[in-house]
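S.K.: Below you'll find the structure I mean.
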Amino acid sequence: MISLPKVIVTPKGEKKAREGHPWVFEGEVVRIRSFDSDEPAVPADGSLVHVYSEKNRFLGTGFYNSNSKIRVRLISENANDRFDADFWRRRVRYALDYRKAVLGWILVPGVSDACRLIHGEADRFPGLTVDLFRDTLSVECLSLGMSTVLDTVLSALVEFLPDYGFKIGTVCLRNEGDLRLKEGMEREKGFWNGMAEHGDGHCKILENGIRYDVDFLEGQKTGFFLDQKYNRLSAAKIASGRRVLDCFTHTGAFALNCIRGGAAHVTAVDISASAAEQTKRNAALNGIGEDRMDVVTADVFDLLTAMVNEKRSDYDMIILDPPAFTKSSATVKDAFRGYKDINYRAMRALPRGGYLATASCSHFMTRPLFEKMLDEAASDAGVSLRQIEARAAAPDHPFLRTVPETDYLKFYLFQVV
């Protein structure tokens, strides 16, 4: 075992670590001492430490940060690991091989060429997200510890990806999240190691056979939401021959999948004018005209309210894919009301026999809580929900059952009866 400071944790911290949860919170730290004595130790922020129980049981090794409420982010439970470049290169290879296994039939250059390559804690890279957009990597690093090995990880990705059919020419750093400030880091944005073949911040991808222009430099998060790829296919199967309202369309992905699935007509709605313009560009990329799909800049709540008040049944399928209504446990009650409000209005706006696709991307809005909200909304709307499917994120966004925070996306398909 390599010599590192020892972080001694409470019984609660020990229990969590033994059950597979990778975070040690500040209140779970009893003391920190040197590796081979009882002398107090002060680890450098971003450095590695060992985690031990009060009975001197080894629990794992992870990145330490005194700035963060998450004092230690565990990366290994193997006392024999050596955390050199080879360690991280193996981790990168594991992540790529996993994607090849679970997406091999769909992640093919020229067919579908976008996926998440590294999904934070679920891939044992705490706080790190890397998305592949054909020949571009869009990267978000929200952990100080991971930032110390980021060059090694990105170099390995650029080196290994040609083995999987993808040659990388652009690597964009989207390190702008508020969590960086809580980790003691500054926000930053730019190109890594001079790799900027797409210096204008745009690239083209294919997903589910549909072309998209991705604004990886200025778009939300890493530029495109890849987690709904299979859920879009599920919605598209229902959309055939129907009039579809795609709410919170963002880049038009659900709308375009529904068109490809044979929808009679789709209206895509977003309150953001820039999102609406991006949706129009993506429609044009796929040769879809206004006779099949129109794009509206409007507040979805107001639009659905007007439909209900005017007793209009303009659509027989509604898709709700809103941004997260809550990003903390403190606002879950408000989020519950927001989700209930929007789903209630959609249920009222649909005719009997119509179809509802609804989602939440907040892990604080747990699956049981989301289902409770749906039941209450249906009761208030005077309808019943016939469940067709209950889904999660695509498998390139895996979740660990020992880390409930990684199970964030809920997606349901219903018939309103």
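Residue numbering restarts at 1 for every chain of the structure tokens, chains are lettered A, B, ... in their displayed order, and ligands are numbered from 1 as they appear.
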List the neighbours of Pro323 (chain A) out to 10 Å using only C-alpha atoms; skip same-chain residues closer than 4 positions along the sequence, and give me the result as a list of chain:residue names.
M.R.: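 In the requested form, the answer reads A:Phe248, A:His250, A:Ala359, A:Ser360, A:Cys361, A:Ser362.
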S.K.: Write out the residues from the selection above, keeping N, CA, C and O atoms, as a PDB file, in the first residue's frame.
M.R.:
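Writing the result to selection.pdb gives the following:
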ATOM      1  N   PHE A 248     -40.647  22.088 -24.265  1.00  0.00           N
ATOM      2  CA  PHE A 248     -39.254  22.263 -23.846  1.00  0.00           C
ATOM      3  C   PHE A 248     -38.329  21.568 -24.848  1.00  0.00           C
ATOM      4  O   PHE A 248     -37.457  20.789 -24.489  1.00  0.00           O
ATOM      5  N   HIS A 250     -35.796  22.324 -26.732  1.00  0.00           N
ATOM      6  CA  HIS A 250     -34.361  22.587 -26.653  1.00  0.00           C
ATOM      7  C   HIS A 250     -33.696  22.560 -28.028  1.00  0.00           C
ATOM      8  O   HIS A 250     -33.584  23.573 -28.680  1.00  0.00           O
ATOM      9  N   ALA A 359     -40.959  13.438 -18.398  1.00  0.00           N
ATOM     10  CA  ALA A 359     -39.638  13.128 -17.871  1.00  0.00           C
ATOM     11  C   ALA A 359     -39.243  14.094 -16.768  1.00  0.00           C
ATOM     12  O   ALA A 359     -39.782  15.208 -16.651  1.00  0.00           O
ATOM     13  N   SER A 360     -38.282  13.674 -15.955  1.00  0.00           N
ATOM     14  CA  SER A 360     -37.601  14.540 -14.999  1.00  0.00           C
ATOM     15  C   SER A 360     -36.127  14.172 -15.003  1.00  0.00           C
ATOM     16  O   SER A 360     -35.771  12.993 -14.982  1.00  0.00           O
ATOM     17  N   CYS A 361     -35.268  15.201 -15.005  1.00  0.00           N
ATOM     18  CA  CYS A 361     -33.825  14.953 -15.035  1.00  0.00           C
ATOM     19  C   CYS A 361     -33.151  15.344 -13.726  1.00  0.00           C
ATOM     20  O   CYS A 361     -31.933  15.547 -13.686  1.00  0.00           O
ATOM     21  N   SER A 362     -33.914  15.466 -12.639  1.00  0.00           N
ATOM     22  CA  SER A 362     -33.348  15.806 -11.342  1.00  0.00           C
ATOM     23  C   SER A 362     -33.304  14.577 -10.442  1.00  0.00           C
ATOM     24  O   SER A 362     -34.333  13.927 -10.228  1.00  0.00           O
TER      25      SER A 362
END
S.K.: When you look at Pro395 (chain A) with a cut-off of 12 Å (counting only C-alpha atoms), what residues show up, excluding the ones that are within fewer than 3 positions of it in the same chain? I need them as an MDAnalysis selection string.
M.R.: chainID A and resid 95 98:104 106:107 115:119 122:123 226:231 391:392 398:400 407 409
S.K.: Between A:Val30, A:Val153, A:Leu245, A:Ser68, which has the minimum distance to Leu179 (chain A) (counting only C-alpha atoms)?
M.R.: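 Going through A:Val30, A:Val153, A:Leu245, A:Ser68 one by one, the smallest distance to Leu179 (chain A) is for A:Ser68.
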S.K.: At what distance in Å, to one decimal, does CA of His397 (chain A) lie from CA of Asn193 (chain A)?
M.R.: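 Those two atoms sit 26.4 Å apart.
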S.K.: Neighbouring residues of Ser3 (chain A) were defined as those with any atom within 8 Å, considering only C-alpha atoms; residues of the same chain fewer than 2 positions away were excluded. Please report them as JSON, numbers by chain.
M.R.: {"A": [1, 5, 35, 36]}
S.K.: How would the residues just chosen look if you wrote them out with all heavy atoms as a JSON list (two decimals), in the first residue's frame?
M.R.:
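Listed below is the output, selection27.json:
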[["chain", "number", "residue", "atom", "x", "y", "z"],
["A", 1, "MET", "N", 0.85, -1.20, 0.00],
["A", 1, "MET", "CA", 0.00, 0.00, 0.00],
["A", 1, "MET", "C", 0.88, 1.24, 0.00],
["A", 1, "MET", "O", 1.86, 1.30, 0.75],
["A", 1, "MET", "CB", -0.93, 0.00, 1.22],
["A", 1, "MET", "CG", -1.81, 1.24, 1.33],
["A", 1, "MET", "SD", -2.80, 1.27, 2.82],
["A", 1, "MET", "CE", -4.04, 0.02, 2.43],
["A", 5, "PRO", "N", -1.89, 10.11, 3.68],
["A", 5, "PRO", "CA", -2.59, 10.45, 4.92],
["A", 5, "PRO", "C", -3.86, 9.60, 5.08],
["A", 5, "PRO", "O", -4.50, 9.22, 4.10],
["A", 5, "PRO", "CB", -2.93, 11.93, 4.73],
["A", 5, "PRO", "CG", -1.94, 12.43, 3.75],
["A", 5, "PRO", "CD", -1.67, 11.29, 2.83],
["A", 35, "PHE", "N", 0.27, 8.51, 7.70],
["A", 35, "PHE", "CA", 0.11, 7.10, 7.35],
["A", 35, "PHE", "C", 0.66, 6.17, 8.42],
["A", 35, "PHE", "O", 0.06, 5.13, 8.73],
["A", 35, "PHE", "CB", 0.80, 6.82, 6.02],
["A", 35, "PHE", "CG", 0.69, 5.39, 5.56],
["A", 35, "PHE", "CD1", -0.51, 4.87, 5.08],
["A", 35, "PHE", "CD2", 1.80, 4.54, 5.62],
["A", 35, "PHE", "CE1", -0.62, 3.55, 4.68],
["A", 35, "PHE", "CE2", 1.69, 3.21, 5.21],
["A", 35, "PHE", "CZ", 0.49, 2.72, 4.74],
["A", 36, "ASP", "N", 1.81, 6.53, 9.01],
["A", 36, "ASP", "CA", 2.50, 5.58, 9.90],
["A", 36, "ASP", "C", 2.66, 6.09, 11.33],
["A", 36, "ASP", "O", 3.52, 5.61, 12.08],
["A", 36, "ASP", "CB", 3.88, 5.24, 9.32],
["A", 36, "ASP", "CG", 4.68, 6.47, 8.95],
["A", 36, "ASP", "OD1", 4.22, 7.59, 9.28],
["A", 36, "ASP", "OD2", 5.74, 6.33, 8.33]]
S.K.: Pick out the residues sitting within 9 Å of Ser234 (chain A), and hand them over as a PyMOL selection string; count only C-alpha atoms, and ignore anything fewer than 4 positions along from it in its own chain.
M.R.: chain A and resi 230+238-239+389+413
